[in-house]
$ cat upload-v8.txt   # compact mmCIF, C-alpha atoms and all ligand atoms
# COMPACT_ATOMS: atom_id res chain seq x y z
CA VAL A 217 164.96 89.40 34.00
CA LEU A 218 163.21 92.52 35.20
CA ILE A 219 165.28 95.21 36.88
CA PRO A 220 163.93 96.12 40.33
CA GLY A 221 163.43 99.77 41.15
CA ILE A 222 162.66 101.06 37.66
CA PRO A 223 159.30 101.27 35.85
CA TYR A 224 158.31 98.33 33.68
CA ILE A 225 155.93 99.17 30.86
CA GLN A 226 155.60 96.01 28.82
CA GLY A 227 156.15 96.63 25.14
CA ARG A 228 154.32 94.98 22.32
CA ASN A 229 156.98 93.48 20.11
CA ALA A 230 158.54 90.81 22.33
CA TYR A 231 159.84 87.88 20.34
CA SER A 232 161.05 84.56 21.54
CA ASP A 233 164.79 84.24 21.51
CA ARG A 234 166.45 81.18 20.04
CA ASP A 235 168.38 80.43 23.24
CA SER A 236 166.70 83.01 25.52
CA ARG A 237 170.16 84.26 26.10
CA LYS A 238 171.91 87.58 25.57
CA TYR A 239 175.62 88.14 25.22
CA GLY A 240 176.11 91.81 24.40
CA ILE A 241 174.52 95.17 25.16
CA ALA A 242 173.58 97.29 22.14
CA ILE A 243 173.37 101.06 22.47
CA HIS A 244 170.96 102.95 20.22
CA CYS A 245 169.61 106.43 20.10
CA THR A 246 166.01 106.97 19.11
CA ALA A 247 166.75 109.74 16.59
CA ASN A 248 164.17 111.92 18.29
CA THR A 249 163.87 113.82 21.54
CA ALA A 250 160.66 112.33 22.92
CA SER A 251 160.86 111.25 26.57
CA ALA A 252 161.70 107.70 27.63
CA ARG A 253 158.14 107.42 28.93
CA ALA A 254 156.69 108.48 25.58
CA GLU A 255 158.90 105.95 23.80
CA ALA A 256 157.93 103.18 26.24
CA SER A 257 154.28 104.09 25.81
CA TYR A 258 154.63 104.06 22.02
CA ALA A 259 156.32 100.64 22.32
CA THR A 260 153.09 99.21 23.80
CA ARG A 261 151.22 99.87 20.57
CA ARG A 262 153.67 100.20 17.69
CA THR A 263 152.88 98.04 14.69
CA ASP A 264 156.21 98.23 12.85
CA GLY A 265 157.64 95.29 14.81
CA VAL A 266 160.38 97.41 16.35
CA SER A 267 161.20 97.12 20.07
CA GLY A 268 163.89 97.60 22.69
CA HIS A 269 164.51 96.38 26.21
CA PHE A 270 165.11 99.77 27.80
CA TYR A 271 164.26 103.41 27.05
CA VAL A 272 166.45 106.05 28.61
CA ASP A 273 166.34 109.85 28.80
CA ASP A 274 167.84 112.46 31.10
CA VAL A 275 165.38 111.56 33.88
CA GLU A 276 164.87 107.82 34.00
CA VAL A 277 165.33 104.35 32.61
CA ILE A 278 162.18 102.39 31.71
CA GLN A 279 162.16 98.69 31.01
CA SER A 280 160.00 97.65 28.07
CA LEU A 281 160.89 93.96 27.61
CA ASP A 282 162.20 91.17 29.81
CA THR A 283 165.89 90.70 29.03
CA ARG A 284 165.14 87.09 28.01
CA ALA A 285 162.84 88.29 25.22
CA ARG A 286 164.19 89.09 21.78
CA ALA A 287 163.75 92.69 20.72
CA GLY A 288 163.49 93.87 17.12
CA HIS A 289 166.21 96.54 17.14
CA ALA A 290 169.23 95.58 15.07
CA GLY A 291 167.96 94.64 11.63
CA SER A 292 170.15 91.54 11.79
CA VAL A 293 169.63 88.10 13.29
CA GLU A 294 172.91 88.40 15.19
CA GLY A 295 172.01 91.68 16.83
CA ASN A 296 168.41 90.77 17.62
CA ASP A 297 169.32 87.35 18.98
CA HIS A 298 172.37 88.24 21.00
CA ALA A 299 172.00 91.78 22.32
CA ILE A 300 170.01 93.61 24.94
CA ALA A 301 168.74 96.79 23.28
CA VAL A 302 169.19 100.08 25.12
CA GLU A 303 167.38 102.94 23.38
CA ILE A 304 168.54 106.35 24.55
CA THR A 305 166.45 109.30 23.43
CA GLY A 306 168.54 111.72 21.38
CA LEU A 307 170.00 112.47 17.98
CA VAL A 308 172.90 110.95 16.06
CA SER A 309 174.13 114.51 15.41
CA TRP A 310 174.39 115.52 19.06
CA SER A 311 177.71 116.84 20.38
CA ARG A 312 179.55 115.20 23.24
CA ALA A 313 178.56 118.08 25.54
CA LYS A 314 174.91 117.64 24.61
CA TRP A 315 175.08 113.90 25.27
CA LEU A 316 176.81 114.37 28.61
CA LYS A 317 173.93 116.43 29.97
CA SER A 318 171.06 114.54 28.30
CA VAL A 319 171.25 111.07 29.86
CA ALA A 320 170.50 109.81 33.40
CA TRP A 321 173.97 108.25 33.41
CA ASP A 322 173.94 107.07 37.02
CA LYS A 323 170.61 105.32 36.63
CA LEU A 324 171.63 103.77 33.31
CA GLY A 325 174.91 102.66 34.90
CA ARG A 326 173.05 100.97 37.74
CA VAL A 327 170.62 99.18 35.44
CA LEU A 328 173.43 97.84 33.24
CA ALA A 329 175.53 96.94 36.30
CA HIS A 330 172.54 95.04 37.67
CA ILE A 331 172.31 93.05 34.42
CA ILE A 332 176.06 92.37 34.41
CA GLN A 333 176.04 91.26 38.05
CA LYS A 334 172.61 89.68 38.52
CA ASP A 335 171.26 88.48 35.17
CA PRO A 336 172.19 84.77 34.99
CA HIS A 337 173.10 85.25 31.30
CA PHE A 338 175.76 87.78 32.28
CA ALA A 339 176.78 87.15 35.90
CA GLY A 340 180.16 85.45 36.06
CA LYS A 341 180.16 84.83 32.30
CA GLY A 342 183.01 87.19 31.46
CA PHE A 343 181.15 90.24 30.17
CA GLN A 344 183.52 93.16 29.71
CA VAL A 345 182.65 96.83 30.10
CA ARG A 346 184.15 98.04 26.80
CA ARG A 347 183.14 98.67 23.22
CA ALA A 348 183.63 95.64 20.98
CA SER A 349 185.40 96.21 17.65
CA VAL A 350 183.56 95.52 14.42
CA ASP A 351 186.18 92.90 13.49
CA GLU A 352 185.66 90.95 16.66
CA MET A 353 181.88 91.22 16.29
CA ARG A 354 182.21 89.65 12.81
CA ARG A 355 184.43 86.88 14.17
CA ASN A 356 182.26 86.33 17.25
CA PRO A 357 178.64 87.54 17.12
CA LYS A 358 178.34 86.43 20.75
CA VAL A 359 181.03 88.85 21.93
CA GLN A 360 180.32 89.80 25.55
CA ALA A 361 180.75 93.55 25.47
CA LEU A 362 178.91 96.73 24.48
CA TYR A 363 178.50 98.03 20.95
CA GLY A 364 176.45 100.59 19.04
CA HIS A 365 173.88 100.11 16.31
CA ASP A 366 176.43 101.46 13.86
CA ASP A 367 178.88 98.73 14.97
CA MET A 368 176.15 96.11 14.43
CA ARG A 369 175.40 97.53 10.97
CA ARG A 370 179.06 97.32 9.95
CA ALA A 371 179.54 93.84 11.43
CA TRP A 372 176.28 92.16 10.52
CA GLY A 373 174.44 94.49 8.13
CA GLY A 374 170.66 94.77 8.09
CA THR A 375 170.08 98.52 8.35
CA THR A 376 171.53 101.87 7.42
CA HIS A 377 171.37 103.19 10.99
CA THR A 378 174.49 104.84 12.38
CA ASP A 379 173.27 105.51 15.92
CA PRO A 380 174.17 106.45 18.59
CA GLY A 381 176.47 108.69 16.54
CA PRO A 382 180.13 109.69 16.45
CA ASN A 383 180.01 111.93 19.52
CA PHE A 384 178.31 109.49 21.84
CA PRO A 385 180.42 109.51 25.06
CA TRP A 386 181.22 105.81 25.48
CA ASP A 387 183.72 106.67 28.22
CA ARG A 388 180.93 108.31 30.24
CA LEU A 389 178.76 105.22 29.83
CA PHE A 390 181.58 102.90 30.93
CA GLN A 391 182.33 105.14 33.90
CA ALA A 392 178.67 105.04 34.98
CA ILE A 393 178.60 101.23 34.72
CA ASN A 394 181.93 100.78 36.50
CA ASP A 395 180.92 103.17 39.28
CA ALA A 396 177.78 101.10 39.88
CA LEU A 397 179.70 97.80 39.62
CA GLU A 398 182.08 98.99 42.31
CA GLY A 399 179.06 99.28 44.57
CA ASP A 400 179.66 102.97 45.07
CA MET A 401 182.28 102.12 47.67
CA PRO A 402 183.60 105.02 49.74
CA THR A 403 186.92 106.45 48.61
CA ALA A 404 190.09 106.23 50.68
CA GLU A 405 189.66 109.92 51.60
CA GLU A 406 186.14 109.28 52.86
CA ILE A 407 187.28 106.31 54.94
CA ALA A 408 190.14 108.38 56.38
CA ALA A 409 187.74 111.24 57.15
CA ALA A 410 185.38 108.83 58.91
CA VAL A 411 188.21 107.33 60.94
CA TRP A 412 189.54 110.70 62.04
CA SER A 413 186.17 112.20 62.83
CA HIS A 414 184.98 109.06 64.55
CA ASP A 415 183.91 109.45 68.16
CA PRO A 416 184.03 106.02 69.84
CA THR A 417 181.59 107.11 72.54
CA ASN A 418 178.95 107.73 69.90
CA ARG A 419 178.35 104.58 67.86
CA ASN A 420 175.55 106.23 65.92
CA GLY A 421 177.62 109.31 65.34
CA LYS A 422 177.73 111.42 62.26
CA GLY A 423 180.96 110.36 60.62
CA ALA A 424 181.83 111.66 57.17
CA VAL A 425 180.90 108.37 55.53
CA ARG A 426 177.46 108.27 57.12
CA ASN A 427 176.78 111.80 56.02
CA ARG A 428 176.57 110.54 52.47
CA ASP A 429 173.08 109.23 52.12
CA TRP A 430 174.04 105.56 51.78
CA ARG A 431 170.83 104.13 53.17
CA ALA A 432 168.64 106.07 50.78
CA ASP A 433 170.92 105.07 47.94
CA ALA A 434 170.72 101.39 48.89
CA LYS A 435 166.94 101.62 48.93
CA THR A 436 166.67 102.96 45.41
CA ASN A 437 169.52 100.86 44.09
CA PRO A 438 169.20 97.13 44.63
CA CYS A 439 172.48 96.52 42.78
CA VAL A 440 174.56 97.86 45.60
CA GLN A 441 174.33 97.59 49.34
CA PRO A 442 176.89 100.19 50.42
CA ARG A 443 175.31 100.21 53.87
CA PHE A 444 177.04 96.93 54.63
CA ALA A 445 180.38 98.26 53.49
CA VAL A 446 179.93 101.30 55.71
CA GLU A 447 178.89 99.17 58.68
CA ASP A 448 182.02 97.08 58.18
CA ILE A 449 184.24 100.14 58.08
CA TRP A 450 182.47 101.48 61.13
CA ASP A 451 182.96 98.29 63.13
CA HIS A 452 186.53 98.00 61.94
CA THR A 453 187.23 101.58 62.97
CA HIS A 454 185.72 100.91 66.37
CA ARG A 455 187.89 97.80 66.80
CA ILE A 456 191.05 99.69 65.84
CA GLU A 457 190.13 102.38 68.34
CA GLN A 458 189.76 99.78 71.11
CA GLU A 459 193.03 98.10 70.17
CA LEU A 460 194.84 101.44 70.22
CA GLN A 461 193.43 102.14 73.65
CA ALA A 462 194.58 98.73 74.94
CA ALA A 463 198.06 99.31 73.45
CA ARG A 464 198.22 102.71 75.14
CA LEU A 465 197.40 101.14 78.53
CA ARG A 466 200.06 98.46 77.97
CA ASP A 467 202.70 101.06 77.15
CA GLU A 468 201.80 103.04 80.24
CA ALA A 469 202.13 99.92 82.41
CA ILE A 470 205.58 99.20 80.97
CA LEU A 471 206.69 102.80 81.49
CA ALA A 472 205.45 102.74 85.09
CA ALA A 473 207.32 99.47 85.76
CA VAL A 474 210.56 100.80 84.29
CA GLN A 475 210.28 104.07 86.20
CA GLY A 476 209.84 102.09 89.44
CA LEU A 477 213.32 100.57 89.09
CA ASP A 478 216.59 102.09 90.32
CA THR A 479 218.09 102.82 86.90
CA ALA A 480 221.42 103.92 88.43
CA ALA A 481 221.80 100.49 90.05
CA ILE A 482 221.04 98.76 86.72
CA LEU A 483 223.65 100.86 84.91
CA ALA A 484 226.24 100.20 87.64
CA ARG A 485 225.68 96.45 87.33
CA ILE A 486 226.05 96.61 83.52
CA ASP A 487 229.33 98.56 83.97
CA GLU A 488 230.55 95.97 86.47
CA HIS A 489 229.99 93.11 83.96
CA ALA A 490 231.64 95.07 81.16
CA ALA A 491 234.67 95.92 83.35
CA ARG A 492 235.11 92.30 84.36
CA ALA A 493 234.96 91.14 80.71
CA VAL A 494 237.64 93.70 79.78
CA ALA A 495 239.86 92.61 82.72
CA GLU A 496 239.52 88.93 81.77
CA ARG A 497 240.45 89.64 78.20
CA ALA A 498 243.52 91.64 79.34
CA GLU A 499 244.54 88.76 81.64
CA LEU A 500 244.27 86.25 78.77
CA MET A 501 246.32 88.46 76.48
CA ALA A 502 249.00 88.82 79.20
CA LEU A 503 249.17 85.02 79.60
CA VAL A 504 249.53 84.48 75.80
CA GLU A 505 252.26 87.14 75.69
CA SER A 506 254.12 85.52 78.60
CA VAL A 507 254.52 82.38 76.43
CA SER A 508 255.99 84.21 73.45
CA SER A 509 258.38 86.20 75.71
CA GLY A 510 259.54 82.91 77.33
CA GLU A 511 258.40 84.07 80.75
CA ARG A 512 256.13 81.01 81.17
CA ASP A 513 255.98 77.66 79.40
CA ALA A 514 253.06 76.83 77.14
CA VAL A 515 251.65 73.94 79.19
CA GLU A 516 251.39 76.12 82.29
CA VAL A 517 249.73 78.93 80.32
CA VAL A 518 247.13 76.56 78.87
CA ARG A 519 246.33 75.38 82.43
CA LEU A 520 246.02 79.00 83.67
CA ILE A 521 243.81 79.97 80.72
CA GLY A 522 241.59 76.95 81.46
CA GLU A 523 241.25 78.04 85.09
CA LEU A 524 240.48 81.61 84.08
CA LEU A 525 237.80 80.61 81.57
CA SER A 526 236.12 78.11 83.90
CA SER A 527 235.95 80.70 86.70
CA ALA A 528 234.48 83.16 84.21
CA THR A 529 231.81 80.66 83.19
CA ARG A 530 231.02 79.83 86.79
CA ASP A 531 230.23 83.46 87.54
ZN ZN B 1 169.41 101.86 16.47
$ encode --input "upload-v8.txt" --output "structure tokens"
Amino acid sequence: VLIPGIPYIQGRNAYSDRDSRKYGIAIHCTANTASARAEASYATRRTDGVSGHFYVDDVEVIQSLDTRARAGHAGSVEGNDHAIAVEITGLVSWSRAKWLKSVAWDKLGRVLAHIIQKDPHFAGKGFQVRRASVDEMRRNPKVQALYGHDDMRRAWGGTTHTDPGPNFPWDRLFQAINDALEGDMPTAEEIAAAVWSHDPTNRNGKGAVRNRDWRADAKTNPCVQPRFAVEDIWDHTHRIEQELQAARLRDEAILAAVQGLDTAAILARIDEHAARAVAERAELMALVESVSSGERDAVEVVRLIGELLSSATRD
């Protein structure tokens, strides 16, 4: 698989892979500060058998081998067979601060996200954006995660290399990959800003979301198509706006209808019903009491109550 949108400078030492399949992503550093382009150029002619799939510096990511090819990077069969090799220019001794400012993290994140989402060896196969432990690499050389050359050395042997070094910012790498995997979706704040600043009379308006250069981003980054997400939000916002407007008209119609009625007459009629209910209840109580006081006999009272209730129901 070749990654669209980045330079491809085919390297020399491409080997055939046993199953043409990769499972993990191995992170190296080149132990020098040459540019990615210089490394990729050197890879077209180097005679030591060493190779990598990608070269990365603070400016760009260059692909050197198809991801199906086997690179000579790990010193072990497991590493060479199972991992995509990412060679980042830099030194094992670099500090975290130095690493943070010396890698094109966003571009690297997009390239690796593209592999994870689009490469048939990775897409939907359960790859996890995390660093595998040496123990699990020993147990399962086909672990679907990221690891360093040093991790490969400790798990599978083959070299004395300890790159990318103890201060390599794995968290920054994972963040870059995850950001790209999430398709650079707008945040809740950005959506809210777009909704509030949205002018329904201007469908091509300059909402907060559109102000971020999504289209340009989508052009340079085939992994994500944020334009579609923005269009969806835009259409959704427009629909909500229309629904709100319809609801407002409905409310106004109801208010107008209610205001047209004689509210005093309605209240008087409600009072009338309530007063009659109270009177009926008092009458019933009086009848029941007249039995216990001996004033009337029970049979007569039952008949009177029946009459009273049936006249009440008839009303
Ligand atoms: Zn290495």
$ residues_around --input "upload-v8.txt" --residues "A:Gln344" --least-positions-apart "3" --cutoff "8 Å" --atoms "only C-alpha atoms" --output "ChimeraX atom specification"
/A:360-362
$ residues_near_ligand --input "upload-v8.txt" --ligand "ligand ZN 1 (chain B)" --cutoff "9 Å" --atoms "all atoms listed in the file" --output "list in words"
Ala242, Ile243, His244, Cys245, Thr246, Ala247, His289, Ala290, Gly291, Ala301, Val302, Glu303, Gly364, His365, Asp366, Thr375, His377, Thr378, Asp379 and Pro380 of chain A
$ atom_distance --input "upload-v8.txt" --atom1 "atom CA of A:Ile241" --atom2 "atom CA of A:Asn394"
14.7 Å
$ residues_around --input "upload-v8.txt" --residues "A:Lys341" --least-positions-apart "4" --cutoff "9 Å" --atoms "all atoms listed in the file" --output "list of chain:residue names"
A:Ile332, A:Pro336, A:His337, A:Gln360
$ atom_distance --input "upload-v8.txt" --atom1 "atom CA of A:Leu397" --atom2 "atom CA of A:His298"
22.2 Å
$ atom_distance --input "upload-v8.txt" --atom1 "atom CA of A:Leu324" --atom2 "atom CA of A:Ser309"
21.0 Å
$ closest_residue --input "upload-v8.txt" --among "A:Ala392, A:Ala339, A:Leu503, A:Val350" --to "A:Arg326" --atoms "only C-alpha atoms"
A:Ala392
$ closest_residue --input "upload-v8.txt" --among "A:Ala491, A:Ala313, A:Val293, A:Ala299" --to "A:Phe270" --atoms "only C-alpha atoms"
A:Ala299
$ closest_residue --input "upload-v8.txt" --among "A:Ser509, A:Thr305, A:Ser311, A:Gln461" --to "A:Val277" --atoms "all atoms listed in the file"
A:Thr305
$ residues_around --input "upload-v8.txt" --residues "A:Val275" --least-positions-apart "6" --cutoff "9 Å" --atoms "all atoms listed in the file" --output "ChimeraX atom specification"
/A:251-252,318-320,323
$ closest_residue --input "upload-v8.txt" --among "A:Ile278, A:Ala484, A:Met353, A:Ala287" --to "A:Trp372" --atoms "only C-alpha atoms"
A:Met353
$ residues_around --input "upload-v8.txt" --residues "A:Ala502" --least-positions-apart "3" --cutoff "12 Å" --atoms "all atoms listed in the file" --output "NGL selection string"
:A and (495-499 or 505-509 or 511-512 or 517 or 520-521)
$ closest_residue --input "upload-v8.txt" --among "A:Arg284, A:Arg370, A:Phe338, A:Gly227" --to "A:Tyr271" --atoms "only C-alpha atoms"
A:Gly227
